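Engineer: mmCIF, C-alpha atoms, file final28.cif:
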data_structure
loop_
_atom_site.label_atom_id
_atom_site.label_comp_id
_atom_site.auth_asym_id
_atom_site.auth_seq_id
_atom_site.Cartn_x
_atom_site.Cartn_y
_atom_site.Cartn_z
CA MET A 1 -3.35 -47.50 -47.14
CA VAL A 2 -4.17 -46.53 -50.70
CA SER A 3 -2.43 -48.36 -53.54
CA LEU A 4 -1.60 -46.30 -56.59
CA VAL A 5 -1.91 -48.68 -59.52
CA ILE A 6 -1.26 -48.44 -63.25
CA ALA A 7 -3.36 -50.73 -65.46
CA THR A 8 -2.59 -51.55 -69.08
CA GLU A 9 -5.08 -52.07 -71.90
CA ASP A 10 -4.66 -55.85 -71.65
CA GLY A 11 -5.83 -55.81 -68.02
CA LYS A 12 -2.45 -56.21 -66.33
CA SER A 13 -1.66 -53.91 -63.45
CA VAL A 14 1.12 -53.04 -61.05
CA GLU A 15 1.40 -50.81 -58.04
CA VAL A 16 3.64 -47.77 -58.54
CA GLY A 17 3.22 -46.25 -55.10
CA GLU A 18 1.36 -46.16 -51.82
CA VAL A 19 -0.26 -43.48 -49.71
CA GLY A 20 -0.82 -43.90 -46.01
CA ARG A 21 -0.91 -41.69 -42.97
CA GLU A 22 1.81 -39.47 -44.46
CA GLY A 23 0.02 -38.09 -47.48
CA PHE A 24 -2.93 -37.92 -49.77
CA ALA A 25 -4.23 -39.34 -53.00
CA GLY A 26 -5.23 -37.20 -55.96
CA ILE A 27 -2.30 -34.81 -55.80
CA GLN A 28 -2.56 -34.08 -59.52
CA ALA A 29 -5.97 -32.44 -58.99
CA ALA A 30 -4.50 -30.04 -56.41
CA VAL A 31 -2.34 -28.52 -59.13
CA GLY A 32 -5.04 -28.33 -61.78
CA ILE A 33 -4.51 -31.61 -63.62
CA ASN A 34 -7.87 -33.28 -64.00
CA ARG A 35 -6.69 -36.52 -65.65
CA ASN A 36 -4.98 -39.32 -63.80
CA GLN A 37 -3.80 -42.64 -65.22
CA VAL A 38 -3.17 -43.90 -61.68
CA ARG A 39 -5.99 -45.87 -60.10
CA GLU A 40 -6.31 -45.23 -56.36
CA ILE A 41 -7.50 -48.30 -54.46
CA VAL A 42 -8.03 -48.37 -50.70
CA GLN A 43 -6.36 -51.60 -49.58
CA ILE A 44 -6.10 -51.31 -45.80
CA ALA A 45 -8.81 -49.49 -43.86
CA GLY A 46 -7.98 -46.51 -41.69
CA ASP A 47 -9.02 -43.01 -40.82
CA GLY A 48 -8.93 -40.28 -43.40
CA PHE A 49 -10.87 -37.38 -44.73
CA ARG A 50 -12.00 -36.02 -48.04
CA VAL A 51 -11.45 -32.49 -49.29
CA ARG A 52 -13.32 -31.06 -52.24
CA ILE A 53 -10.80 -30.08 -54.91
CA GLY A 54 -12.30 -26.63 -55.37
CA ALA A 55 -11.91 -25.92 -51.65
CA LEU A 56 -8.31 -27.17 -51.69
CA ARG A 57 -7.40 -25.06 -54.72
CA SER A 58 -8.98 -22.02 -53.10
CA VAL A 59 -7.03 -22.53 -49.86
CA LEU A 60 -3.78 -23.13 -51.76
CA GLN A 61 -4.01 -19.65 -53.32
CA SER A 62 -3.55 -18.05 -49.91
CA ALA A 63 -1.67 -20.70 -47.95
CA SER A 64 1.90 -20.68 -49.23
CA GLU A 65 3.14 -23.06 -46.49
CA LEU A 66 0.51 -25.66 -47.39
CA GLN A 67 1.42 -25.21 -51.05
CA ARG A 68 5.10 -25.81 -50.20
CA ILE A 69 4.26 -28.94 -48.20
CA LEU A 70 2.11 -30.38 -50.98
CA THR A 71 4.74 -29.60 -53.60
CA ARG A 72 7.40 -31.32 -51.47
CA TYR A 73 5.12 -34.31 -51.06
CA ALA A 74 4.49 -34.52 -54.82
CA VAL A 75 8.21 -34.39 -55.61
CA VAL A 76 9.08 -37.04 -53.01
CA GLN A 77 6.22 -39.24 -54.20
CA GLY A 78 7.52 -38.95 -57.77
CA MET A 79 11.01 -40.03 -56.69
CA GLN A 80 9.54 -42.96 -54.78
CA PHE A 81 7.48 -43.94 -57.86
CA ALA A 82 10.65 -43.94 -59.96
CA GLN A 83 12.45 -46.16 -57.45
CA THR A 84 9.49 -48.54 -57.30
CA ALA A 85 9.46 -48.80 -61.11
CA ALA A 86 13.18 -49.65 -61.11
CA CYS A 87 12.66 -52.20 -58.36
CA ASN A 88 9.77 -53.89 -60.15
CA ARG A 89 11.97 -54.33 -63.21
CA LEU A 90 15.35 -55.16 -61.65
CA HIS A 91 14.84 -57.15 -58.45
CA ASN A 92 13.51 -60.58 -57.61
CA VAL A 93 10.07 -61.08 -56.13
CA GLU A 94 11.33 -61.95 -52.63
CA GLN A 95 13.19 -58.62 -52.45
CA ARG A 96 10.20 -56.75 -53.88
CA LEU A 97 7.83 -58.42 -51.42
CA ALA A 98 10.10 -57.46 -48.51
CA ARG A 99 10.25 -53.86 -49.82
CA TRP A 100 6.49 -53.71 -50.23
CA LEU A 101 5.79 -55.06 -46.73
CA LEU A 102 8.22 -52.56 -45.18
CA ILE A 103 6.78 -49.59 -47.09
CA THR A 104 3.26 -50.63 -46.18
CA GLN A 105 4.16 -51.07 -42.52
CA ASP A 106 5.68 -47.57 -42.54
CA ARG A 107 2.43 -46.14 -43.87
CA VAL A 108 -0.06 -47.99 -41.66
CA ASP A 109 2.16 -48.28 -38.56
CA SER A 110 1.15 -51.87 -37.87
CA SER A 111 2.97 -55.19 -38.03
CA THR A 112 -0.21 -56.96 -39.16
CA LEU A 113 -1.36 -56.30 -42.71
CA ALA A 114 -4.71 -57.56 -44.00
CA ILE A 115 -3.70 -58.63 -47.52
CA THR A 116 -4.08 -61.65 -49.78
CA HIS A 117 -1.63 -63.31 -52.15
CA ASP A 118 -3.82 -62.25 -55.09
CA PHE A 119 -3.59 -58.65 -53.95
CA LEU A 120 0.19 -58.90 -53.45
CA ALA A 121 0.57 -60.39 -56.93
CA THR A 122 -1.16 -57.36 -58.44
CA MET A 123 0.90 -54.94 -56.35
CA LEU A 124 4.17 -56.62 -57.32
CA GLY A 125 3.29 -57.14 -60.99
CA THR A 126 3.54 -60.91 -60.88
CA ASP A 127 1.30 -63.95 -60.41
CA ARG A 128 -0.13 -65.50 -57.26
CA PRO A 129 2.02 -68.68 -57.25
CA THR A 130 5.19 -66.57 -57.43
CA VAL A 131 4.05 -64.48 -54.46
CA SER A 132 3.14 -67.64 -52.55
CA LEU A 133 6.65 -69.01 -53.07
CA ALA A 134 8.29 -65.75 -51.98
CA ALA A 135 6.03 -65.52 -48.91
CA ALA A 136 6.86 -69.13 -48.03
CA ILE A 137 10.58 -68.32 -48.15
CA LEU A 138 10.10 -65.37 -45.79
CA GLN A 139 7.91 -67.48 -43.53
CA ASP A 140 10.47 -70.33 -43.44
CA LYS A 141 13.08 -67.75 -42.34
CA GLN A 142 10.66 -66.71 -39.55
CA ILE A 143 10.51 -63.16 -40.90
CA ILE A 144 6.76 -63.15 -41.51
CA GLU A 145 3.82 -65.31 -40.57
CA TYR A 146 1.19 -65.68 -43.23
CA THR A 147 -2.34 -66.77 -42.50
CA ARG A 148 -5.22 -66.59 -44.94
CA GLY A 149 -5.71 -62.91 -45.73
CA ALA A 150 -3.12 -61.48 -43.34
CA VAL A 151 0.64 -61.08 -43.00
CA GLN A 152 2.28 -60.57 -39.62
CA ILE A 153 5.79 -59.09 -39.71
CA LEU A 154 7.76 -60.99 -37.07
CA SER A 155 11.18 -59.41 -37.59
CA ARG A 156 11.47 -56.02 -39.20
CA ALA A 157 15.28 -56.18 -39.07
CA LYS A 158 15.37 -59.49 -40.96
CA LEU A 159 12.79 -58.17 -43.44
CA GLU A 160 14.98 -55.12 -44.08
CA ALA A 161 17.92 -57.46 -44.71
CA CYS A 162 15.86 -59.36 -47.32
CA ALA A 163 14.77 -56.21 -49.15
CA CYS A 164 16.81 -54.75 -51.97
CA GLU A 165 18.42 -51.32 -51.74
CA CYS A 166 15.23 -49.77 -53.11
CA TYR A 167 13.62 -49.78 -49.68
CA GLY A 168 16.55 -47.82 -48.26
CA VAL A 169 16.35 -45.29 -51.09
CA ILE A 170 12.62 -44.84 -50.60
CA GLN A 171 13.03 -44.67 -46.82
CA GLN A 172 15.60 -41.85 -47.11
CA TYR A 173 12.74 -39.57 -48.12
CA ASN A 174 10.28 -40.67 -45.43
CA HIS A 175 11.25 -37.92 -43.01
CA GLU A 176 10.55 -35.37 -45.77
CA ILE A 177 6.90 -36.44 -45.80
CA GLY A 178 6.37 -37.00 -42.09
CA LEU A 179 7.24 -40.67 -41.65
CA LYS A 180 9.77 -42.09 -39.21
#
Show this structure as structure tokens.
Structural biologist:
Amino acid sequence: MVSLVIATEDGKSVEVGEVGREGFAGIQAAVGINRNQVREIVQIAGDGFRVRIGALRSVLQSASELQRILTRYAVVQGMQFAQTAACNRLHNVEQRLARWLLITQDRVDSSTLAITHDFLATMLGTDRPTVSLAAAILQDKQIIEYTRGAVQILSRAKLEACACECYGVIQQYNHEIGLK
């Protein structure tokens, strides 16, 4: 899973999106944009491959179906970014944590996520103690189990109930980009 992160001049950062088995990072380069304010950080290991941008651009000139798929992916990703931005501003950290865990599980297809509270704080745009409190609430409800450096999702249904509507909005587009 690759986190797409925006950092400000004062060193603060927040995740605006994720890429997992459904997509690819660096979509702006595929359409000729060489600048990117989004930092791409591999957070959870997995299989992937690298394509040289020149080779991709060359293939896109003659592969209209691939071009259509990548365009669809870029549009869906943009809509998901917008929903994530709204969520980060409008919802409490427990709801945002539930949303983040669900989205990440969708992208890595695992109920165990190797992540720390520090990492989650950065992804959710808050501080570590706030994430620890939210994780403790979810753990007390027996929705997750948190051990040092890993979160185990015990009940996806309960986690979905704790998430705000943003997860449902983001999930509506999952089938458009090859997720369940």
Engineer: Run the PyMOL selection byres ((chain A and resi 177) around 8) against the file shown and list the residues it catches, as an mmCIF file with C-alpha atoms, in the coordinates of the input.
Structural biologist:
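Listed below is the output, expr-v4.cif:
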data_model
loop_
_atom_site.group_PDB
_atom_site.id
_atom_site.type_symbol
_atom_site.label_atom_id
_atom_site.label_comp_id
_atom_site.auth_asym_id
_atom_site.auth_seq_id
_atom_site.Cartn_x
_atom_site.Cartn_y
_atom_site.Cartn_z
ATOM 1 C CA GLU A 22 1.810 -39.470 -44.460
ATOM 2 C CA GLY A 23 0.020 -38.090 -47.480
ATOM 3 C CA ARG A 72 7.400 -31.320 -51.470
ATOM 4 C CA TYR A 73 5.120 -34.310 -51.060
ATOM 5 C CA VAL A 76 9.080 -37.040 -53.010
ATOM 6 C CA TYR A 173 12.740 -39.570 -48.120
ATOM 7 C CA ASN A 174 10.280 -40.670 -45.430
ATOM 8 C CA HIS A 175 11.250 -37.920 -43.010
ATOM 9 C CA GLU A 176 10.550 -35.370 -45.770
ATOM 10 C CA GLY A 178 6.370 -37.000 -42.090
ATOM 11 C CA LEU A 179 7.240 -40.670 -41.650
#
Engineer: May I have the residues within 12 Å of Gly48 of chain A as an mmCIF file with C-alpha atoms, in the frame of the given file, using all atoms listed in the file and disregarding those fewer than 5 positions away in the same chain?
Structural biologist:
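Saved the output as result-v1.cif:
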data_model
loop_
_atom_site.group_PDB
_atom_site.id
_atom_site.type_symbol
_atom_site.label_atom_id
_atom_site.label_comp_id
_atom_site.auth_asym_id
_atom_site.auth_seq_id
_atom_site.Cartn_x
_atom_site.Cartn_y
_atom_site.Cartn_z
ATOM 1 C CA MET A 1 -3.350 -47.500 -47.140
ATOM 2 C CA VAL A 2 -4.170 -46.530 -50.700
ATOM 3 C CA VAL A 19 -0.260 -43.480 -49.710
ATOM 4 C CA GLY A 20 -0.820 -43.900 -46.010
ATOM 5 C CA ARG A 21 -0.910 -41.690 -42.970
ATOM 6 C CA GLU A 22 1.810 -39.470 -44.460
ATOM 7 C CA GLY A 23 0.020 -38.090 -47.480
ATOM 8 C CA PHE A 24 -2.930 -37.920 -49.770
ATOM 9 C CA ALA A 25 -4.230 -39.340 -53.000
ATOM 10 C CA VAL A 42 -8.030 -48.370 -50.700
ATOM 11 C CA VAL A 108 -0.060 -47.990 -41.660
#
Engineer: Rounded to one decimal place, report the atom CA of Ile170 of chain A-atom CA of Ile33 of chain A distance in Å.
Structural biologist: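 Interatomic distance here is 25.3 Å.
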Engineer: Please, what distance in Å, to one decimal, runs between atom CA of Ile144 of chain A and atom CA of Lys12 of chain A?
Structural biologist: 27.4 Å
Engineer: Which residue is closest to Thr130 of chain A? Choose from A:Leu70, A:Leu159, A:Ile143, A:Leu97 and count all atoms listed in the file.
Structural biologist: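 Ranked by minimum distance to Thr130 of chain A, first place goes to A:Leu97.
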Engineer: Under the rule of at most 10 Å, produce a per-residue listing of segment 40-104 of chain A near segment 109-112 of chain A: chain, number, name, the closest pair of atoms, and the distance in Å, as CSV, using only C-alpha atoms.
Structural biologist:
residue,atom,partner,partner_atom,distance
A:Leu101,CA,A:Ser111,CA,9.1
A:Leu102,CA,A:Ser111,CA,9.3
A:Ile103,CA,A:Asp109,CA,9.8
A:Thr104,CA,A:Asp109,CA,8.0
Engineer: Is it possible to get the axis-aligned box enclosing segment 27-32 of chain A (all listed atoms, 5 Å extra per side) as AutoDock Vina command-line options, with centre and edge lengths in Å rounded to one decimal?
Structural biologist:
--center_x -4.1 --center_y -31.6 --center_z -58.8 --size_x 13.7 --size_y 16.5 --size_z 16.0
Engineer: Restricting the calculation to all atoms listed in the file, which member of A:Glu94, A:Asp118, A:Asp47, A:Asp127 is positioned closest to Cys162 of chain A?
Structural biologist: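 The closest residue to Cys162 of chain A is A:Glu94.
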Engineer: Could you tell me how far atom CA of Ala98 of chain A sits from atom CA of Gln139 of chain A, in Å to one decimal place?
Structural biologist: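 We find that atom CA of Gln139 of chain A and atom CA of Ala98 of chain A lie 11.4 Å from each other.
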Engineer: Could you tell me which of A:Ala45, A:Ala82, A:Leu60, A:Ala135 comes closest to Cys166 of chain A if we count only C-alpha atoms?
Structural biologist: A:Ala82
Engineer: Would you list the contacts of Thr122 of chain A as a list in words, taking every protein, DNA or RNA residue within 9 Å and counting all atoms listed in the file, but skipping same-chain residues closer than 4 positions in sequence?
Structural biologist: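 Those residues are Val5, Lys12, Ser13, Val14, Glu15, His117, Asp118, Thr126, Asp127 and Arg128 of chain A.
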Engineer: What's around Gln28 of chain A at 12 Å? Count all atoms listed in the file, leave out sequence neighbours fewer than 6 positions away in its own chain, and write the answer as a VMD selection string.
Structural biologist: chain A and resid 34 to 38 53 56 to 57 70 to 71 73 to 75 77 to 78
Engineer: Using all atoms listed in the file, pick whichever of A:Ile44, A:Cys164, A:Ile153, A:Val59 has the shortest atom-to-atom distance to Arg96 of chain A.
Structural biologist: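 Going through A:Ile44, A:Cys164, A:Ile153, A:Val59 one by one, the smallest distance to Arg96 of chain A is for A:Cys164.
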Engineer: Smallest atom-to-atom distance to Glu145 of chain A: which of A:Gln171, A:Gln105, A:Gln67, A:Leu113, using only C-alpha atoms?
Structural biologist: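 Selected residue with least distance to Glu145 of chain A: A:Leu113.
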Engineer: Could N, CA, C and O atoms be built for segment 141-155 of chain A and written out as a compact mmCIF listing (two decimals), in the frame of the given file?
Structural biologist:
# COMPACT_ATOMS: atom_id res chain seq x y z
N LYS A 141 12.00 -68.48 -43.03
CA LYS A 141 13.08 -67.75 -42.34
C LYS A 141 12.59 -67.08 -41.06
O LYS A 141 13.34 -66.37 -40.40
N GLN A 142 11.32 -67.28 -40.72
CA GLN A 142 10.66 -66.71 -39.55
C GLN A 142 10.71 -65.18 -39.54
O GLN A 142 10.88 -64.54 -38.51
N ILE A 143 10.53 -64.62 -40.73
CA ILE A 143 10.51 -63.16 -40.90
C ILE A 143 9.06 -62.68 -40.89
O ILE A 143 8.77 -61.62 -40.34
N ILE A 144 8.19 -63.46 -41.51
CA ILE A 144 6.76 -63.15 -41.51
C ILE A 144 5.99 -64.40 -41.13
O ILE A 144 6.53 -65.52 -41.19
N GLU A 145 4.75 -64.20 -40.76
CA GLU A 145 3.82 -65.31 -40.57
C GLU A 145 2.63 -64.98 -41.45
O GLU A 145 2.07 -63.88 -41.38
N TYR A 146 2.28 -65.92 -42.31
CA TYR A 146 1.19 -65.68 -43.23
C TYR A 146 0.04 -66.61 -42.89
O TYR A 146 0.20 -67.81 -42.82
N THR A 147 -1.10 -66.01 -42.64
CA THR A 147 -2.34 -66.77 -42.50
C THR A 147 -3.27 -66.25 -43.59
O THR A 147 -3.02 -65.20 -44.16
N ARG A 148 -4.31 -66.97 -43.85
CA ARG A 148 -5.22 -66.59 -44.94
C ARG A 148 -5.68 -65.14 -44.78
O ARG A 148 -6.37 -64.79 -43.83
N GLY A 149 -5.26 -64.29 -45.71
CA GLY A 149 -5.71 -62.91 -45.73
C GLY A 149 -4.96 -61.95 -44.83
O GLY A 149 -5.37 -60.80 -44.71
N ALA A 150 -3.87 -62.39 -44.21
CA ALA A 150 -3.12 -61.48 -43.34
C ALA A 150 -1.64 -61.89 -43.28
O ALA A 150 -1.31 -63.06 -43.31
N VAL A 151 -0.80 -60.87 -43.19
CA VAL A 151 0.64 -61.08 -43.00
C VAL A 151 1.03 -60.39 -41.71
O VAL A 151 0.70 -59.22 -41.49
N GLN A 152 1.74 -61.13 -40.87
CA GLN A 152 2.28 -60.57 -39.62
C GLN A 152 3.80 -60.46 -39.80
O GLN A 152 4.46 -61.45 -40.12
N ILE A 153 4.34 -59.28 -39.64
CA ILE A 153 5.79 -59.09 -39.71
C ILE A 153 6.36 -59.45 -38.35
O ILE A 153 6.05 -58.81 -37.35
N LEU A 154 7.18 -60.50 -38.32
CA LEU A 154 7.76 -60.99 -37.07
C LEU A 154 9.09 -60.31 -36.75
O LEU A 154 9.41 -60.10 -35.59
N SER A 155 9.88 -60.03 -37.79
CA SER A 155 11.18 -59.41 -37.59
C SER A 155 11.42 -58.35 -38.65
O SER A 155 11.77 -58.67 -39.80
